[in-house]
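Source file: start-v5.cif (mmCIF, C-alpha atoms)
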```cif
data_data
#
loop_
_atom_site.label_atom_id
_atom_site.label_comp_id
_atom_site.auth_asym_id
_atom_site.auth_seq_id
_atom_site.Cartn_x
_atom_site.Cartn_y
_atom_site.Cartn_z
CA MET A 1 92.20 45.21 77.79
CA ASP A 2 93.23 48.83 77.42
CA LEU A 3 91.64 51.27 75.00
CA ASP A 4 94.44 51.04 72.41
CA GLN A 5 94.17 47.24 72.29
CA ALA A 6 90.39 47.44 72.01
CA MET A 7 90.54 49.98 69.19
CA GLU A 8 93.02 47.85 67.26
CA PHE A 9 90.53 44.99 67.57
CA VAL A 10 87.56 47.21 66.61
CA ARG A 11 89.40 48.57 63.55
CA GLY A 12 89.62 44.99 62.26
CA GLY A 13 85.85 44.71 61.85
CA ARG A 14 82.81 46.61 60.67
CA GLU A 15 79.82 44.88 62.26
CA GLY A 16 78.85 45.31 65.86
CA VAL A 17 76.11 45.86 68.39
CA LEU A 18 75.45 49.42 69.54
CA THR A 19 74.02 49.84 73.02
CA THR A 20 72.16 52.98 74.04
CA ILE A 21 70.04 53.75 77.10
CA ARG A 22 66.25 53.81 76.95
CA ARG A 23 64.22 56.37 78.85
CA ASP A 24 63.49 53.78 81.58
CA GLY A 25 67.20 53.00 81.99
CA ARG A 26 67.17 49.63 80.22
CA PRO A 27 69.64 49.00 77.37
CA GLN A 28 68.61 49.27 73.73
CA LEU A 29 70.76 47.05 71.47
CA SER A 30 71.00 47.53 67.71
CA ASN A 31 73.00 45.60 65.11
CA ILE A 32 74.99 48.15 63.11
CA VAL A 33 77.78 48.56 60.56
CA TYR A 34 80.53 50.99 61.55
CA ALA A 35 83.79 52.50 60.38
CA VAL A 36 86.66 53.90 62.42
CA ASP A 37 88.19 57.08 61.01
CA GLY A 38 91.79 58.23 61.25
CA THR A 39 91.22 59.94 64.60
CA GLY A 40 89.73 56.80 66.19
CA THR A 41 86.15 58.05 66.05
CA ILE A 42 83.57 55.35 65.32
CA ARG A 43 81.04 56.45 62.71
CA ILE A 44 77.65 54.89 62.04
CA SER A 45 74.89 55.87 59.60
CA VAL A 46 71.54 56.11 61.43
CA THR A 47 68.06 57.48 60.76
CA ALA A 48 66.37 60.21 62.76
CA GLY A 49 63.32 58.18 63.75
CA ARG A 50 65.05 55.12 65.24
CA ALA A 51 65.11 54.31 68.94
CA LYS A 52 68.92 54.46 69.11
CA THR A 53 68.91 57.98 67.69
CA LYS A 54 66.21 59.17 70.08
CA ASN A 55 68.00 57.53 73.01
CA LEU A 56 71.31 59.22 72.14
CA THR A 57 69.61 62.60 71.75
CA ARG A 58 68.39 62.24 75.33
CA ASP A 59 71.45 60.47 76.81
CA PRO A 60 74.65 60.52 74.70
CA ARG A 61 76.31 57.49 76.34
CA ALA A 62 77.01 54.64 73.93
CA SER A 63 78.78 51.28 73.92
CA LEU A 64 79.85 49.26 70.91
CA TYR A 65 80.32 45.47 71.16
CA VAL A 66 82.47 43.87 68.45
CA ARG A 67 83.32 40.17 68.18
CA ARG A 68 85.17 37.83 65.89
CA GLU A 69 84.69 34.24 64.75
CA SER A 70 85.64 32.99 68.19
CA PHE A 71 82.86 33.71 70.64
CA TRP A 72 85.53 34.48 73.25
CA ALA A 73 87.24 37.21 71.21
CA TYR A 74 85.42 40.51 71.74
CA ALA A 75 85.84 44.14 72.67
CA VAL A 76 83.44 46.69 74.09
CA VAL A 77 84.23 50.37 73.76
CA ASP A 78 82.31 53.04 75.63
CA GLY A 79 82.15 56.73 74.93
CA PRO A 80 80.06 59.81 74.35
CA ALA A 81 78.04 60.01 71.17
CA GLU A 82 77.55 62.99 68.91
CA LEU A 83 74.87 63.23 66.23
CA THR A 84 75.21 65.33 63.09
CA PRO A 85 72.19 67.28 61.88
CA VAL A 86 69.73 65.23 59.84
CA ALA A 87 70.50 65.34 56.10
CA GLY A 88 68.51 68.23 54.69
CA GLU A 89 69.93 68.75 51.20
CA PRO A 90 71.83 66.39 48.89
CA ASP A 91 74.91 68.63 49.07
CA ASP A 92 74.98 69.46 52.79
CA ALA A 93 77.78 68.56 55.22
CA THR A 94 75.88 65.60 56.68
CA VAL A 95 75.40 63.99 53.27
CA ASP A 96 79.06 64.66 52.46
CA GLU A 97 80.02 62.76 55.63
CA LEU A 98 77.60 59.95 54.77
CA VAL A 99 79.28 59.66 51.36
CA GLU A 100 82.68 59.47 53.07
CA LEU A 101 81.36 56.82 55.47
CA TYR A 102 79.88 54.78 52.59
CA ARG A 103 83.19 54.91 50.74
CA SER A 104 85.10 53.71 53.79
CA LEU A 105 82.73 50.74 54.15
CA SER A 106 81.82 49.81 50.58
CA GLY A 107 83.90 51.74 48.07
CA GLU A 108 82.26 53.63 45.24
CA HIS A 109 78.51 53.84 44.69
CA ASP A 110 76.96 53.31 41.24
CA ASP A 111 74.98 56.59 41.41
CA TRP A 112 76.13 59.17 43.94
CA ASP A 113 73.34 61.62 43.03
CA ASP A 114 70.73 58.97 43.80
CA TYR A 115 72.55 58.03 47.02
CA ARG A 116 72.62 61.67 48.15
CA ARG A 117 68.88 62.08 47.46
CA ALA A 118 68.16 58.85 49.36
CA MET A 119 70.08 60.07 52.43
CA VAL A 120 67.82 63.12 52.59
CA ALA A 121 64.64 61.11 51.93
CA ASP A 122 65.63 58.58 54.63
CA GLY A 123 66.34 61.29 57.21
CA ARG A 124 69.87 59.96 57.73
CA LEU A 125 72.58 61.37 59.92
CA VAL A 126 75.96 60.28 61.25
CA LEU A 127 76.47 59.02 64.77
CA ARG A 128 80.02 59.57 66.02
CA VAL A 129 81.27 57.74 69.11
CA THR A 130 84.52 58.87 70.71
CA PRO A 131 85.88 55.85 72.65
CA THR A 132 86.98 56.66 76.21
CA SER A 133 87.15 53.22 77.85
CA ALA A 134 87.11 49.56 76.90
CA TYR A 135 87.00 45.98 78.10
CA GLY A 136 86.89 42.55 76.54
CA MET A 137 89.00 39.53 75.64
CA LEU A 138 91.62 39.35 72.94
CA PRO A 139 91.84 36.33 70.66
CA SER A 140 94.36 33.75 71.81
#
```
Please lay out the structure from this file as structure tokens.
Amino acid sequence: MDLDQAMEFVRGGREGVLTTIRRDGRPQLSNIVYAVDGTGTIRISVTAGRAKTKNLTRDPRASLYVRRESFWAYAVVDGPAELTPVAGEPDDATVDELVELYRSLSGEHDDWDDYRRAMVADGRLVLRVTPTSAYGMLPS
């Protein structure tokens, strides 16, 4: 499976398993919801205190596993991760990106002011993964 095929498959979903690397070298797996933007970057809302965020701060290598109904249809994309700053103010660039990410996943929110305040209170940020390689099996 080449990267273009994998990204076409990944664009068709929104739930996956993010793999990061723990300090001792073992994998850390986390169920996540993601969106792929127009440039092919995978974006995920995360919180500052989580293991995946700490792992990526130390070692920015990430893999995303995505599957479909068939257990045998899956793709794994690997790439470097980038973390935005933690949301500090309801109107900062990180919260703006979190709003954009929410809209791409769920549409409009009932109360954007409340959502923006919650992103700051939660210590949220955006994880961006730029896919560089892939493997997997396409559905038959």
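Taking CA of Leu127 in chain A and CA of Arg58 in chain A as endpoints, the distance between them is 13.7 Å.
Put simply, the PyMOL selection byres ((chain A and resi 32) around 7) on this file hits Glu15, Gly16, Val17, Leu18, Ser30, Asn31, Val33 and Tyr34 of chain A.
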query = Between A:Arg68, A:His109, A:Arg124, A:Arg117, which is the closest to Thr94 in chain A once you count all atoms listed in the file?
reply = A:Arg124
Written as a PDB file with C-alpha atoms, in the coordinates of the input, what is the full residue list that the PyMOL selection byres ((chain A and resi 10) around 12) yields on the file shown?
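Okay, this is what ended up in out34.pdb:
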```pdb
ATOM      1  CA  LEU A   3      91.640  51.270  75.000  1.00  0.00           C
ATOM      2  CA  ASP A   4      94.440  51.040  72.410  1.00  0.00           C
ATOM      3  CA  GLN A   5      94.170  47.240  72.290  1.00  0.00           C
ATOM      4  CA  ALA A   6      90.390  47.440  72.010  1.00  0.00           C
ATOM      5  CA  MET A   7      90.540  49.980  69.190  1.00  0.00           C
ATOM      6  CA  GLU A   8      93.020  47.850  67.260  1.00  0.00           C
ATOM      7  CA  PHE A   9      90.530  44.990  67.570  1.00  0.00           C
ATOM      8  CA  ARG A  11      89.400  48.570  63.550  1.00  0.00           C
ATOM      9  CA  GLY A  12      89.620  44.990  62.260  1.00  0.00           C
ATOM     10  CA  GLY A  13      85.850  44.710  61.850  1.00  0.00           C
ATOM     11  CA  ARG A  14      82.810  46.610  60.670  1.00  0.00           C
ATOM     12  CA  GLU A  15      79.820  44.880  62.260  1.00  0.00           C
ATOM     13  CA  GLY A  16      78.850  45.310  65.860  1.00  0.00           C
ATOM     14  CA  VAL A  17      76.110  45.860  68.390  1.00  0.00           C
ATOM     15  CA  VAL A  33      77.780  48.560  60.560  1.00  0.00           C
ATOM     16  CA  TYR A  34      80.530  50.990  61.550  1.00  0.00           C
ATOM     17  CA  ALA A  35      83.790  52.500  60.380  1.00  0.00           C
ATOM     18  CA  VAL A  36      86.660  53.900  62.420  1.00  0.00           C
ATOM     19  CA  ASP A  37      88.190  57.080  61.010  1.00  0.00           C
ATOM     20  CA  GLY A  40      89.730  56.800  66.190  1.00  0.00           C
ATOM     21  CA  THR A  41      86.150  58.050  66.050  1.00  0.00           C
ATOM     22  CA  ILE A  42      83.570  55.350  65.320  1.00  0.00           C
ATOM     23  CA  ARG A  43      81.040  56.450  62.710  1.00  0.00           C
ATOM     24  CA  LEU A  64      79.850  49.260  70.910  1.00  0.00           C
ATOM     25  CA  TYR A  65      80.320  45.470  71.160  1.00  0.00           C
ATOM     26  CA  VAL A  66      82.470  43.870  68.450  1.00  0.00           C
ATOM     27  CA  ARG A  67      83.320  40.170  68.180  1.00  0.00           C
ATOM     28  CA  ARG A  68      85.170  37.830  65.890  1.00  0.00           C
ATOM     29  CA  ALA A  73      87.240  37.210  71.210  1.00  0.00           C
ATOM     30  CA  TYR A  74      85.420  40.510  71.740  1.00  0.00           C
ATOM     31  CA  ALA A  75      85.840  44.140  72.670  1.00  0.00           C
ATOM     32  CA  VAL A  76      83.440  46.690  74.090  1.00  0.00           C
ATOM     33  CA  VAL A  77      84.230  50.370  73.760  1.00  0.00           C
ATOM     34  CA  ASP A  78      82.310  53.040  75.630  1.00  0.00           C
ATOM     35  CA  PRO A 131      85.880  55.850  72.650  1.00  0.00           C
ATOM     36  CA  ALA A 134      87.110  49.560  76.900  1.00  0.00           C
ATOM     37  CA  TYR A 135      87.000  45.980  78.100  1.00  0.00           C
ATOM     38  CA  GLY A 136      86.890  42.550  76.540  1.00  0.00           C
ATOM     39  CA  MET A 137      89.000  39.530  75.640  1.00  0.00           C
ATOM     40  CA  LEU A 138      91.620  39.350  72.940  1.00  0.00           C
TER      41      LEU A 138
END
```
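Proximity of A:Ile21, A:Arg61, A:Thr47, A:Tyr102 to Leu125 in chain A, computed with all atoms listed in the file, is greatest for A:Thr47.
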task = Enter the distance from CA of Val126 in chain A to CA of Glu69 in chain A, in Å, rounded to one decimal.
result = 27.7 Å
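Note that the spacing between CA of Ala48 in chain A and CA of Thr19 in chain A amounts to 16.5 Å.
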Among listed residues A:Leu105, A:Leu98, A:Val129, A:Met119, nearest Gly79 in chain A (using all atoms listed in the file) = A:Val129
message = Can you pull out the residues contacting Gly49 in chain A? Cut-off 10 Å, using all atoms listed in the file, and skip same-chain residues under 5 positions away; I want them as a PyMOL selection string.
response = chain A and resi 54+122-124
Next, write the just-selected residues to a file, as a short mmCIF file (atom, residue, chain, number, x, y, z; two decimals), keeping the file's coordinate frame, keeping C-alpha atoms as the atom set.
```
data_model
loop_
_atom_site.label_atom_id
_atom_site.label_comp_id
_atom_site.auth_asym_id
_atom_site.auth_seq_id
_atom_site.Cartn_x
_atom_site.Cartn_y
_atom_site.Cartn_z
CA LYS A 54 66.21 59.17 70.08
CA ASP A 122 65.63 58.58 54.63
CA GLY A 123 66.34 61.29 57.21
CA ARG A 124 69.87 59.96 57.73
#
```
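When all atoms listed in the file are used to measure the gap to Asp92 in chain A, the shortest distance among A:Val120, A:Tyr115, A:Gly107, A:Arg23 belongs to A:Val120.
Between Ser104 in chain A and the residues A:Ser70, A:Asp2, A:Ile44, A:Gly25, the shortest atom-to-atom distance, using only C-alpha atoms, involves A:Ile44.
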Which centre and which edge lengths, in Å to one decimal, describe the axis-aligned box that holds all listed atoms of range 59-77 of chain A after 3 Å is added on each side, as JSON?
```
{"center_x": 79.3, "center_y": 46.8, "center_z": 70.8, "size_x": 21.8, "size_y": 33.5, "size_z": 18.1}
```
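With the shown file loaded, the PyMOL selection byres ((chain A and resi 60) around 8) picks out A:Thr20, A:Asn55, A:Leu56, A:Thr57, A:Arg58, A:Asp59, A:Arg61, A:Ala62, A:Pro80, A:Ala81, A:Glu82.
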